[in-house]
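Source file: my_file_25.tsv; contents: TSV, C-alpha atoms.
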chain	number	residue	atom	x	y	z
A	613	MET	CA	29.53	0.25	4.70
A	614	THR	CA	26.40	-1.44	6.05
A	615	THR	CA	24.56	-0.78	2.81
A	616	THR	CA	27.40	-2.37	0.82
A	617	TRP	CA	27.25	-5.59	2.86
A	618	GLN	CA	23.47	-5.67	2.59
A	619	HIS	CA	23.65	-5.66	-1.23
A	620	TYR	CA	26.66	-7.99	-1.44
A	621	PRO	CA	24.65	-11.26	-1.77
A	622	ARG	CA	22.60	-9.74	-4.57
A	623	ASN	CA	25.60	-8.35	-6.43
A	624	HIS	CA	27.83	-11.47	-6.02
A	625	PRO	CA	25.51	-14.52	-6.14
A	626	ARG	CA	28.18	-16.95	-7.40
A	627	THR	CA	30.53	-16.09	-4.52
A	628	VAL	CA	27.74	-16.59	-1.99
A	629	ASP	CA	26.72	-19.92	-3.52
A	630	SER	CA	30.34	-21.13	-3.47
A	631	ALA	CA	30.68	-20.23	0.21
A	632	VAL	CA	27.41	-22.02	1.03
A	633	ALA	CA	28.53	-25.14	-0.85
A	634	LEU	CA	31.88	-25.24	0.98
A	635	LEU	CA	30.19	-24.79	4.35
A	636	LEU	CA	27.69	-27.59	3.71
A	637	PHE	CA	30.47	-29.89	2.49
A	638	ALA	CA	32.38	-29.19	5.70
A	639	VAL	CA	29.42	-30.11	7.93
A	640	ALA	CA	28.95	-33.35	5.98
A	641	PHE	CA	32.10	-34.83	7.58
A	642	PRO	CA	30.59	-35.08	11.10
A	643	GLY	CA	27.41	-36.57	9.60
A	644	SER	CA	29.38	-39.35	7.94
A	645	MET	CA	30.54	-40.64	11.34
A	646	TYR	CA	27.15	-42.10	12.33
A	647	GLY	CA	25.43	-45.21	11.07
A	648	VAL	CA	21.97	-46.62	11.69
A	649	SER	CA	22.75	-50.08	13.10
A	650	ASP	CA	24.76	-49.35	16.21
A	651	MET	CA	25.16	-45.57	16.01
A	652	ALA	CA	28.76	-46.13	14.96
A	653	ALA	CA	30.53	-45.17	11.77
A	654	PRO	CA	29.88	-47.42	8.77
A	655	ALA	CA	32.68	-49.54	7.43
A	656	ARG	CA	33.63	-46.88	4.88
A	657	TRP	CA	33.14	-43.13	5.31
A	658	TRP	CA	34.27	-41.95	1.89
A	659	PRO	CA	31.02	-42.77	-0.04
A	660	CYS	CA	29.15	-40.32	2.18
A	661	VAL	CA	31.76	-37.60	1.66
A	662	LEU	CA	31.78	-38.22	-2.10
A	663	LEU	CA	27.99	-38.00	-2.41
A	664	ALA	CA	27.89	-34.93	-0.16
A	665	GLY	CA	30.56	-33.25	-2.29
A	666	LEU	CA	28.60	-33.99	-5.47
A	667	SER	CA	25.36	-32.54	-4.10
A	668	CYS	CA	27.18	-29.48	-2.70
A	669	ALA	CA	28.89	-28.84	-6.05
A	670	ALA	CA	25.52	-28.96	-7.80
A	671	LEU	CA	24.33	-26.07	-5.58
A	672	LEU	CA	26.43	-23.66	-7.65
A	673	TRP	CA	23.63	-23.78	-10.28
A	674	ARG	CA	20.70	-23.67	-7.86
A	675	ARG	CA	19.55	-20.21	-9.02
A	676	THR	CA	19.54	-20.95	-12.75
A	677	ARG	CA	18.77	-24.72	-12.78
A	678	PRO	CA	16.84	-25.43	-9.57
A	679	LEU	CA	15.08	-28.58	-10.81
A	680	PRO	CA	18.19	-30.49	-12.03
A	681	VAL	CA	20.11	-29.43	-8.91
A	682	THR	CA	17.29	-30.74	-6.70
A	683	ALA	CA	17.24	-34.03	-8.64
A	684	VAL	CA	21.00	-34.50	-8.06
A	685	ALA	CA	20.64	-33.68	-4.37
A	686	VAL	CA	17.74	-36.17	-3.98
A	687	LEU	CA	19.72	-38.98	-5.62
A	688	CYS	CA	22.78	-38.27	-3.46
A	689	ALA	CA	20.68	-38.21	-0.27
A	690	ALA	CA	18.95	-41.46	-1.24
A	691	GLY	CA	22.34	-43.03	-1.92
A	692	MET	CA	23.62	-42.02	1.52
A	693	ALA	CA	20.47	-43.46	3.11
A	694	LEU	CA	20.95	-46.76	1.26
A	695	ALA	CA	24.60	-46.86	2.44
A	696	GLY	CA	23.36	-46.91	6.04
A	697	TYR	CA	24.13	-43.37	7.17
A	698	VAL	CA	21.85	-41.56	9.59
A	699	MET	CA	19.91	-38.90	7.59
A	700	THR	CA	20.36	-36.00	9.96
A	701	ALA	CA	20.21	-32.32	9.04
A	702	LEU	CA	24.01	-32.42	8.48
A	703	LEU	CA	23.65	-34.77	5.50
A	704	LEU	CA	20.29	-33.42	4.33
A	705	ALA	CA	21.51	-29.79	4.27
A	706	PRO	CA	22.38	-29.72	0.50
A	707	LEU	CA	18.99	-31.18	-0.36
A	708	MET	CA	17.26	-28.69	1.96
A	709	VAL	CA	19.00	-25.76	0.24
A	710	ALA	CA	18.08	-27.19	-3.18
A	711	LEU	CA	14.42	-27.56	-2.17
A	712	TYR	CA	14.38	-23.98	-0.86
A	713	SER	CA	15.76	-22.68	-4.18
A	714	LEU	CA	13.25	-24.78	-6.10
A	715	ALA	CA	10.33	-23.41	-4.07
A	716	ALA	CA	11.62	-19.83	-4.41
A	717	HIS	CA	11.94	-19.96	-8.21
A	718	THR	CA	9.26	-22.35	-9.51
A	719	ALA	CA	5.52	-22.81	-9.27
A	720	ARG	CA	3.89	-24.20	-6.16
A	721	THR	CA	2.65	-27.40	-7.85
A	722	MET	CA	6.11	-28.24	-9.14
A	723	THR	CA	7.64	-27.53	-5.72
A	724	TRP	CA	5.37	-29.82	-3.75
A	725	ASN	CA	5.47	-32.63	-6.30
A	726	VAL	CA	9.27	-32.68	-6.20
A	727	THR	CA	9.27	-32.38	-2.40
A	728	LEU	CA	6.89	-35.35	-2.07
A	729	ALA	CA	9.09	-37.40	-4.41
A	730	ALA	CA	12.19	-36.48	-2.39
A	731	VAL	CA	10.53	-37.48	0.88
A	732	VAL	CA	9.41	-40.82	-0.55
A	733	LEU	CA	12.84	-41.63	-2.03
A	734	VAL	CA	14.92	-40.63	0.99
A	735	ALA	CA	12.61	-42.19	3.59
A	736	GLY	CA	12.14	-45.32	1.48
A	737	ALA	CA	15.89	-45.71	1.03
A	738	ALA	CA	16.40	-45.34	4.80
A	739	LEU	CA	13.76	-48.00	5.48
A	740	ILE	CA	15.35	-50.34	2.96
A	741	ALA	CA	18.73	-49.92	4.62
A	742	GLU	CA	17.31	-50.52	8.14
A	743	PRO	CA	13.83	-52.12	8.03
A	744	ALA	CA	13.70	-52.58	11.81
A	745	GLY	CA	11.39	-50.27	13.72
A	746	ASP	CA	13.86	-49.18	16.39
A	747	ALA	CA	15.18	-46.21	14.40
A	748	LEU	CA	11.88	-45.13	12.81
A	749	ALA	CA	12.22	-41.55	14.08
A	750	LEU	CA	15.72	-41.26	12.62
A	751	ASN	CA	14.90	-42.94	9.31
A	752	VAL	CA	11.47	-41.48	8.46
A	753	ILE	CA	10.07	-38.79	10.77
A	754	GLY	CA	13.26	-36.73	10.91
A	755	PRO	CA	13.94	-36.64	7.11
A	756	VAL	CA	10.28	-35.84	6.38
A	757	ALA	CA	10.29	-32.87	8.77
A	758	TRP	CA	13.65	-31.57	7.54
A	759	LEU	CA	12.60	-31.74	3.87
A	760	LEU	CA	9.16	-30.17	4.28
A	761	LEU	CA	10.55	-27.15	6.14
A	762	PRO	CA	12.67	-25.62	3.32
A	763	ALA	CA	9.88	-26.18	0.79
A	764	ALA	CA	7.48	-24.21	2.98
A	765	LEU	CA	10.04	-21.44	3.61
A	766	GLY	CA	10.89	-21.17	-0.09
A	767	SER	CA	7.23	-20.89	-1.07
A	768	THR	CA	6.77	-18.16	1.53
A	769	ALA	CA	9.78	-16.28	0.16
A	770	ARG	CA	8.44	-16.55	-3.39
A	771	PHE	CA	5.02	-15.26	-2.33
A	772	ARG	CA	6.61	-12.37	-0.47
A	773	ARG	CA	8.78	-11.47	-3.46
A	774	ALA	CA	5.77	-11.60	-5.79
A	775	TYR	CA	3.80	-9.40	-3.40
A	776	LEU	CA	6.60	-6.81	-3.21
A	777	GLU	CA	6.92	-6.80	-6.99
A	778	SER	CA	3.19	-6.24	-7.39
A	779	VAL	CA	3.27	-3.41	-4.82
A	780	HIS	CA	6.20	-1.83	-6.64
A	781	ALA	CA	4.41	-2.18	-10.00
A	782	ARG	CA	1.26	-0.58	-8.59
A	783	ALA	CA	3.29	2.27	-7.14
A	784	GLU	CA	5.01	2.87	-10.48
A	785	TYR	CA	1.66	2.77	-12.28
A	786	ALA	CA	0.13	5.22	-9.79
A	787	GLU	CA	3.09	7.58	-10.17
A	788	ARG	CA	2.92	7.37	-13.96
A	789	THR	CA	-0.83	7.97	-13.85
A	790	ARG	CA	-0.37	11.03	-11.62
A	791	GLU	CA	2.22	12.46	-14.00
A	792	GLU	CA	-0.01	11.86	-17.01
A	793	GLU	CA	-2.98	13.42	-15.21
A	794	ALA	CA	-0.86	16.44	-14.28
A	795	ARG	CA	0.28	16.86	-17.89
A	796	HIS	CA	-3.32	16.50	-19.06
A	797	ARG	CA	-4.50	19.19	-16.64
A	798	VAL	CA	-1.68	21.51	-17.70
A	799	ALA	CA	-2.62	21.03	-21.37
A	800	GLU	CA	-6.28	21.74	-20.60
A	801	GLU	CA	-5.36	24.88	-18.67
A	802	ARG	CA	-3.14	26.09	-21.50
A	803	MET	CA	-5.97	25.56	-23.98
A	804	ARG	CA	-8.40	27.42	-21.74
A	805	ILE	CA	-6.06	30.39	-21.34
A	806	ALA	CA	-5.33	30.37	-25.08
A	807	ARG	CA	-9.06	30.55	-25.81
A	808	GLU	CA	-9.50	33.40	-23.35
A	809	LEU	CA	-6.60	35.38	-24.80
A	810	HIS	CA	-7.80	34.79	-28.35
A	811	ASP	CA	-11.37	35.82	-27.58
A	812	VAL	CA	-10.29	38.96	-25.71
A	813	SER	CA	-7.67	40.08	-28.20
A	814	ALA	CA	-9.64	39.21	-31.35
A	815	HIS	CA	-12.81	40.93	-30.20
A	816	HIS	CA	-11.27	44.12	-28.91
A	817	LEU	CA	-8.78	44.47	-31.76
A	818	ALA	CA	-11.52	43.97	-34.34
A	819	LEU	CA	-13.71	46.49	-32.55
A	820	ALA	CA	-10.84	48.98	-32.24
A	821	ASN	CA	-10.01	48.57	-35.92
A	822	ALA	CA	-13.63	49.22	-36.90
A	823	GLN	CA	-13.80	52.31	-34.67
A	824	ALA	CA	-10.51	53.68	-36.01
A	825	THR	CA	-11.59	53.08	-39.64
A	826	THR	CA	-14.95	54.75	-39.09
A	827	ALA	CA	-13.35	57.71	-37.31
A	828	ALA	CA	-10.91	58.18	-40.20
A	829	LEU	CA	-13.81	58.30	-42.66
A	830	LEU	CA	-15.84	60.79	-40.58
A	831	ILE	CA	-13.07	63.08	-39.38
A	832	ARG	CA	-13.67	65.65	-42.14
A	833	SER	CA	-17.36	65.34	-42.88
A	834	HIS	CA	-18.61	64.70	-39.33
A	835	PRO	CA	-15.90	65.74	-36.86
A	836	ALA	CA	-18.23	65.45	-33.85
A	837	GLN	CA	-19.00	61.81	-34.63
A	838	ALA	CA	-15.33	61.15	-35.34
A	839	GLU	CA	-14.44	62.55	-31.94
A	840	LYS	CA	-17.02	60.27	-30.34
A	841	MET	CA	-15.48	57.33	-32.19
A	842	VAL	CA	-12.01	58.20	-30.95
A	843	ASN	CA	-13.27	58.41	-27.37
A	844	ALA	CA	-14.96	55.04	-27.76
A	845	LEU	CA	-11.69	53.67	-29.15
A	846	GLY	CA	-9.97	54.57	-25.90
A	847	ASP	CA	-12.62	52.74	-23.90
A	848	THR	CA	-12.25	49.67	-26.13
A	849	THR	CA	-8.48	49.47	-25.75
A	850	ALA	CA	-8.76	50.05	-21.99
A	851	ALA	CA	-11.27	47.18	-21.70
A	852	ALA	CA	-8.95	44.95	-23.74
A	853	LEU	CA	-6.04	45.73	-21.45
A	854	ARG	CA	-8.12	45.00	-18.34
A	855	GLU	CA	-9.31	41.62	-19.59
A	856	MET	CA	-5.88	40.58	-20.85
A	857	LYS	CA	-4.32	41.64	-17.54
A	858	ALA	CA	-6.84	39.55	-15.61
A	859	THR	CA	-6.24	36.53	-17.85
A	860	VAL	CA	-2.46	36.73	-17.80
A	861	GLY	CA	-2.59	37.32	-14.05
A	862	LEU	CA	-3.83	33.75	-13.62
A	863	LEU	CA	-0.43	32.59	-14.89
A	864	ARG	CA	1.58	34.87	-12.63
A	865	ARG	CA	-0.32	34.34	-9.36
A	866	SER	CA	-0.57	30.74	-8.21
A	867	ASP	CA	-2.04	31.69	-4.81
A	868	ALA	CA	-4.70	34.09	-6.01
A	869	SER	CA	-8.08	33.47	-4.44
A	870	GLU	CA	-11.36	33.70	-6.27
A	871	ASP	CA	-12.31	36.81	-4.32
A	872	SER	CA	-9.27	38.69	-5.66
A	873	LEU	CA	-10.24	38.12	-9.32
A	874	GLN	CA	-12.68	40.18	-11.31
A	875	PRO	CA	-15.99	38.46	-12.10
A	876	ALA	CA	-16.07	36.68	-15.42
A	877	PRO	CA	-18.22	38.32	-18.13
A	878	GLY	CA	-21.61	36.87	-18.92
A	879	LEU	CA	-24.86	37.56	-20.72
A	880	ALA	CA	-25.52	40.43	-18.30
A	881	GLN	CA	-22.80	42.37	-20.18
A	882	LEU	CA	-24.27	41.51	-23.59
A	883	HIS	CA	-25.96	44.90	-23.96
A	884	GLY	CA	-22.63	46.61	-23.41
A	885	LEU	CA	-21.06	44.40	-26.05
A	886	VAL	CA	-23.83	45.28	-28.51
A	887	ALA	CA	-23.47	48.97	-27.71
A	888	ALA	CA	-19.71	48.85	-28.31
A	889	HIS	CA	-20.21	47.31	-31.76
A	890	THR	CA	-22.99	49.75	-32.56
A	891	ALA	CA	-20.67	52.63	-31.70
A	892	ALA	CA	-18.09	51.15	-34.07
A	893	GLY	CA	-20.57	51.14	-36.96
A	894	LEU	CA	-21.99	47.60	-36.75
A	895	THR	CA	-25.70	47.65	-35.99
A	896	VAL	CA	-26.50	44.61	-33.85
A	897	THR	CA	-30.09	43.54	-33.23
A	898	LEU	CA	-30.54	41.58	-30.00
A	899	THR	CA	-33.69	39.46	-29.70
A	900	THR	CA	-34.74	37.26	-26.76
A	901	HIS	CA	-37.38	34.50	-26.92
A	902	GLY	CA	-38.74	32.73	-23.89
A	903	LEU	CA	-38.32	33.57	-20.23
A	904	PRO	CA	-34.66	34.36	-19.40
A	905	GLN	CA	-33.30	31.91	-16.84
A	906	PRO	CA	-30.14	31.97	-14.73
A	907	LEU	CA	-27.16	30.08	-16.13
A	908	SER	CA	-24.30	28.38	-14.38
A	909	PRO	CA	-21.07	30.45	-14.34
A	910	GLY	CA	-19.45	28.22	-16.97
A	911	ALA	CA	-22.44	28.34	-19.32
A	912	ASP	CA	-22.81	32.10	-18.82
A	913	LEU	CA	-19.16	32.75	-19.73
A	914	THR	CA	-19.33	30.36	-22.69
A	915	ALA	CA	-22.45	32.03	-24.10
A	916	TYR	CA	-20.88	35.47	-23.80
A	917	ARG	CA	-17.58	34.41	-25.41
A	918	ILE	CA	-19.37	32.75	-28.35
A	919	VAL	CA	-21.41	35.87	-29.06
A	920	GLN	CA	-18.30	38.03	-28.63
A	921	GLU	CA	-16.20	35.96	-31.06
A	922	ALA	CA	-19.03	35.68	-33.61
A	923	LEU	CA	-19.55	39.44	-33.65
A	924	ALA	CA	-15.80	39.99	-33.93
A	925	ASN	CA	-15.78	37.74	-37.03
A	926	VAL	CA	-18.66	39.74	-38.49
A	927	ALA	CA	-16.80	43.01	-37.91
A	928	LYS	CA	-13.59	41.64	-39.46
A	929	HIS	CA	-14.78	39.52	-42.37
A	930	ALA	CA	-18.46	39.93	-43.25
A	931	HIS	CA	-18.29	43.33	-45.05
A	932	THR	CA	-21.68	44.27	-43.66
A	933	SER	CA	-23.06	46.82	-41.23
A	934	THR	CA	-25.77	44.68	-39.60
A	935	ALA	CA	-25.91	41.52	-37.53
A	936	GLU	CA	-28.59	39.71	-35.53
A	937	VAL	CA	-28.20	37.92	-32.19
A	938	ASP	CA	-31.10	35.69	-31.18
A	939	LEU	CA	-31.40	34.10	-27.70
A	940	THR	CA	-34.01	31.37	-27.17
A	941	TYR	CA	-34.59	29.99	-23.65
A	942	THR	CA	-36.26	26.63	-22.99
A	943	HIS	CA	-36.68	24.75	-19.73
A	944	ASP	CA	-33.11	23.40	-19.72
A	945	ARG	CA	-31.23	24.85	-22.71
A	946	LEU	CA	-30.26	28.12	-24.32
A	947	ALA	CA	-30.05	28.43	-28.10
A	948	ILE	CA	-27.98	31.27	-29.53
A	949	THR	CA	-27.89	32.24	-33.19
A	950	ILE	CA	-25.68	34.97	-34.67
A	951	THR	CA	-26.32	35.81	-38.31
A	952	ASP	CA	-25.18	38.41	-40.82
A	953	HIS	CA	-25.85	39.25	-44.46
A	954	GLY	CA	-22.25	39.88	-45.44
A	955	THR	CA	-20.78	39.17	-48.84
A	956	GLY	CA	-17.09	39.44	-48.05
A	957	PRO	CA	-14.84	36.89	-49.78
A	958	ALA	CA	-12.83	36.33	-46.59
A	959	THR	CA	-15.81	35.13	-44.59
A	960	ALA	CA	-15.52	31.46	-45.47
A	961	SER	CA	-11.78	31.03	-45.31
A	962	ASP	CA	-11.23	32.87	-42.04
A	963	SER	CA	-14.37	31.93	-40.18
A	964	GLU	CA	-14.55	28.26	-41.11
A	965	SER	CA	-10.89	27.33	-40.57
A	966	GLY	CA	-9.54	29.91	-38.11
A	967	TYR	CA	-8.90	29.47	-34.41
A	968	GLY	CA	-11.96	31.55	-33.53
A	969	LEU	CA	-14.44	28.94	-34.74
A	970	ILE	CA	-12.36	26.14	-33.22
A	971	GLY	CA	-12.38	27.94	-29.87
A	972	MET	CA	-16.14	28.48	-30.00
A	973	ARG	CA	-16.77	24.81	-30.74
A	974	GLU	CA	-14.41	23.72	-27.93
A	975	ARG	CA	-16.16	26.03	-25.48
A	976	ALA	CA	-19.58	24.63	-26.38
A	977	LEU	CA	-18.43	21.01	-26.16
A	978	SER	CA	-16.69	21.59	-22.82
A	979	ILE	CA	-20.03	22.25	-21.08
A	980	GLY	CA	-22.08	19.65	-22.95
A	981	GLY	CA	-23.36	21.80	-25.79
A	982	GLN	CA	-22.86	21.84	-29.55
A	983	LEU	CA	-22.10	24.46	-32.17
A	984	ARG	CA	-22.68	24.73	-35.91
A	985	ALA	CA	-21.32	27.37	-38.26
A	986	GLY	CA	-21.53	27.89	-42.00
A	987	HIS	CA	-22.89	29.91	-44.89
A	988	ARG	CA	-26.58	30.57	-45.13
A	989	PRO	CA	-28.45	29.56	-48.28
A	990	THR	CA	-29.83	33.11	-48.59
A	991	GLY	CA	-26.41	34.69	-48.10
A	992	GLY	CA	-24.29	35.64	-45.17
A	993	PHE	CA	-22.93	33.51	-42.34
A	994	GLU	CA	-24.56	31.92	-39.30
A	995	VAL	CA	-23.23	30.62	-35.99
A	996	SER	CA	-25.71	28.52	-33.99
A	997	THR	CA	-25.15	26.87	-30.62
A	998	GLU	CA	-27.21	25.08	-27.98
A	999	LEU	CA	-25.94	25.16	-24.41
A	1000	PRO	CA	-27.33	23.51	-21.28
A	1001	LEU	CA	-28.34	25.98	-18.61
A	1002	HIS	CA	-26.69	23.87	-15.89
A	1003	PRO	CA	-24.13	21.51	-17.45
A	1004	TYR	CA	-22.99	18.45	-15.52
A	1005	ALA	CA	-20.88	16.50	-18.08
A	1006	PRO	CA	-19.43	17.26	-21.54
A	1007	ALA	CA	-21.29	15.73	-24.43
A	1008	GLU	CA	-19.65	13.88	-27.26
A	1009	ASP	CA	-18.76	15.90	-30.33
A	1010	SER	CA	-21.68	15.42	-32.71
A	1011	THR	CA	-20.76	18.26	-35.08
A	1012	PRO	CA	-19.60	17.37	-38.55
Reformat the file's structure so that it appears as C-alpha cells.
Amino acid sequence: MTTTWQHYPRNHPRTVDSAVALLLFAVAFPGSMYGVSDMAAPARWWPCVLLAGLSCAALLWRRTRPLPVTAVAVLCAAGMALAGYVMTALLLAPLMVALYSLAAHTARTMTWNVTLAAVVLVAGAALIAEPAGDALALNVIGPVAWLLLPAALGSTARFRRAYLESVHARAEYAERTREEEARHRVAEERMRIARELHDVSAHHLALANAQATTAALLIRSHPAQAEKMVNALGDTTAAALREMKATVGLLRRSDASEDSLQPAPGLAQLHGLVAAHTAAGLTVTLTTHGLPQPLSPGADLTAYRIVQEALANVAKHAHTSTAEVDLTYTHDRLAITITDHGTGPATASDSESGYGLIGMRERALSIGGQLRAGHRPTGGFEVSTELPLHPYAPAEDSTP
C-alpha cells in the first residue's frame, strides 16, 4: 500500500497538478484581504481572485509548457501588485510553483534569466503601486526572497535527477559490459577446449589408423612386427582416452584445482611423440639447433600441439614415410619447422583449409607468435612457426 502511494504522483501527474492548483487558489482568498496602504482590504477583492485563478489554472501545463506557464504567472502576480495587494507567499504561491517547474525542466541560464525578470516585474509593480518607503520589506524584499527560493530548489532537483540518471546509466553500462565480457570469456574457453579436443583426437586417431593399416599389411609376412604394431595401437588409444578425459573433465569440474589436473604436455614429451609415429611407420627426424631454453607453460604446450597436429597431417594426407622436425632456439624465440616430401593429392585441400591449420595458427597468435604453412617449391608441405619463449601479449595477425 505504501509503495502504491509513493508512485501515485508519478503515475497520475494531471490529478496531482489539479489538486495543487485548487489548493493554491483556495489560499489566494486570504491573501486578497490585505492591501498595502493601510493593511486593509482594497476596494475590490475580485481582481485578485480572478488573477489568482488564472495563474492557478495555468499550472495544469507546468510539466509540459513550463516557460509559458511561468510567463502567465508573472503577469498575474505583477497585476496583483499593481492593484495594491500585499505580495505575500499566499499570492506568490502559483508563481513560486511555476518557477520551481521551470528550474526543474529547463537549463540553468533560462531559469535564472526568467527568475530575474519575474523579480524585477513583481517588485517594480509593487513599488509603482506604493512608492513610499514604509512598506519596502513587504513590496520588495519579501517578493525577491520568495521568488529566488523555488528557483534554487528547482535547480537542485534538476541536478539531483541528472546525477541519478547518470549513475543509473553507468550502472547499466557496467552490467552490460560485464555480461559481454563473460560471453567473450565463455567463447574463448570454448575455442580453447575445441582446439584441445581436435588436436588430441586428430593426432591419436591418425596415429591409430596408421598403426592399424601397417599391422594389417604385416600380419602375414611379418607377424612379429604386426603384433608389436597392435600392442602399440593399444597404447595409442589409451593415451587418447586419457587426454580426452582430462580435457572433458575441465567442463565437468568447476572446482577442480590445478594440483588435481595432469600436467599439460610439452616439448619434453616430443621424443615420445616421435617414437609413437616411428612405430606407426612414419620416420620422423628431430633436429635441434641452438641451446635449448626453458619455455613458459603456454609456449611449451603450444609448441607441442603444433608439432603434434603437423605430424598428424603428415600421417593422414602426405602419402610419405618420412618427416623432419627442426627446432631452432635463439635468445628470446623458438622457431619450429615441420616438413615432408609427400605427394598426396589431399595434402593441399585438407591441410590448407581444415580446422587443424586454423587451430595451429590460433595457438601461435594467442601467445604472440606467428605461423606459416604451404607447399614447398621442391615438393611436399611445410609448417613453420616462431614462438616467443616467454610471451607477455598476443601479437597482431601478420600472416597472409
Correct to one decimal, the distance CA of Asp944 (chain A)-CA of Val926 (chain A) is 28.8 Å
Shell of 10 Å around Ala729 (chain A), only C-alpha atoms, local chain residues under 6 positions omitted, as a VMD selection string: chain A and resid 683 686 735
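Using only C-alpha atoms for every distance, the candidate list A:Asp952, A:Glu839, A:Asp629, A:Glu784 yields A:Asp952 as the residue closest to Val995 (chain A).
What separates CA of Val681 (chain A) from CA of Ala710 (chain A) is a distance of 6.5 Å.
Separating CA of Leu913 (chain A) from CA of His901 (chain A) is a distance of 19.7 Å.
Proximity to Ser767 (chain A) at 12 Å, evaluated using only C-alpha atoms and with sequence-adjacent residues fewer than 6 positions away removed, yields Leu711, Tyr712, Ser713, Leu714, Ala715, Ala716, His717, Thr718, Ala719, Arg720, Thr721, Met722, Thr723, Trp724, Thr727, Leu760, Leu761, Arg773 and Ala774 of chain A.
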Next, dump the selected residues to file, keeping only C-alpha atoms, as a PDB file, keeping the file's coordinate frame.
ATOM      1  CA  LEU A 711      14.420 -27.560  -2.170  1.00  0.00           C
ATOM      2  CA  TYR A 712      14.380 -23.980  -0.860  1.00  0.00           C
ATOM      3  CA  SER A 713      15.760 -22.680  -4.180  1.00  0.00           C
ATOM      4  CA  LEU A 714      13.250 -24.780  -6.100  1.00  0.00           C
ATOM      5  CA  ALA A 715      10.330 -23.410  -4.070  1.00  0.00           C
ATOM      6  CA  ALA A 716      11.620 -19.830  -4.410  1.00  0.00           C
ATOM      7  CA  HIS A 717      11.940 -19.960  -8.210  1.00  0.00           C
ATOM      8  CA  THR A 718       9.260 -22.350  -9.510  1.00  0.00           C
ATOM      9  CA  ALA A 719       5.520 -22.810  -9.270  1.00  0.00           C
ATOM     10  CA  ARG A 720       3.890 -24.200  -6.160  1.00  0.00           C
ATOM     11  CA  THR A 721       2.650 -27.400  -7.850  1.00  0.00           C
ATOM     12  CA  MET A 722       6.110 -28.240  -9.140  1.00  0.00           C
ATOM     13  CA  THR A 723       7.640 -27.530  -5.720  1.00  0.00           C
ATOM     14  CA  TRP A 724       5.370 -29.820  -3.750  1.00  0.00           C
ATOM     15  CA  THR A 727       9.270 -32.380  -2.400  1.00  0.00           C
ATOM     16  CA  LEU A 760       9.160 -30.170   4.280  1.00  0.00           C
ATOM     17  CA  LEU A 761      10.550 -27.150   6.140  1.00  0.00           C
ATOM     18  CA  ARG A 773       8.780 -11.470  -3.460  1.00  0.00           C
ATOM     19  CA  ALA A 774       5.770 -11.600  -5.790  1.00  0.00           C
TER      20      ALA A 774
END
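Restricting the calculation to only C-alpha atoms, the smallest distance between Thr914 (chain A) and any of A:Thr890, A:Asn725, A:Ser978, A:Ser667 is found for A:Ser978.
Residue nearest Leu819 (chain A), chosen from A:Gly968, A:Gly893, A:Gly736, A:Pro680 and counting all atoms listed in the file: A:Gly893.
Residue nearest Leu739 (chain A) within the list A:Val639, A:Val752, A:Val709, A:Ala850: A:Val752 [criterion: smallest interatomic distance, only C-alpha atoms].
Each of A:Arg797, A:Ala915, A:Thr700, A:Thr934 was checked against Val756 (chain A) using all atoms listed in the file; the smallest atom-to-atom distance is that of A:Thr700.
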Please list as a PyMOL selection string every residue within 7 Å of Gly954 (chain A), counting only C-alpha atoms and excluding residues in the same chain fewer than 4 positions away. chain A and resi 930-932+992
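Using only C-alpha atoms, the shortest contact distance between Tyr916 (chain A) and any of A:Gly902, A:Gly884, A:Pro877, A:Gly766 is found at A:Pro877.
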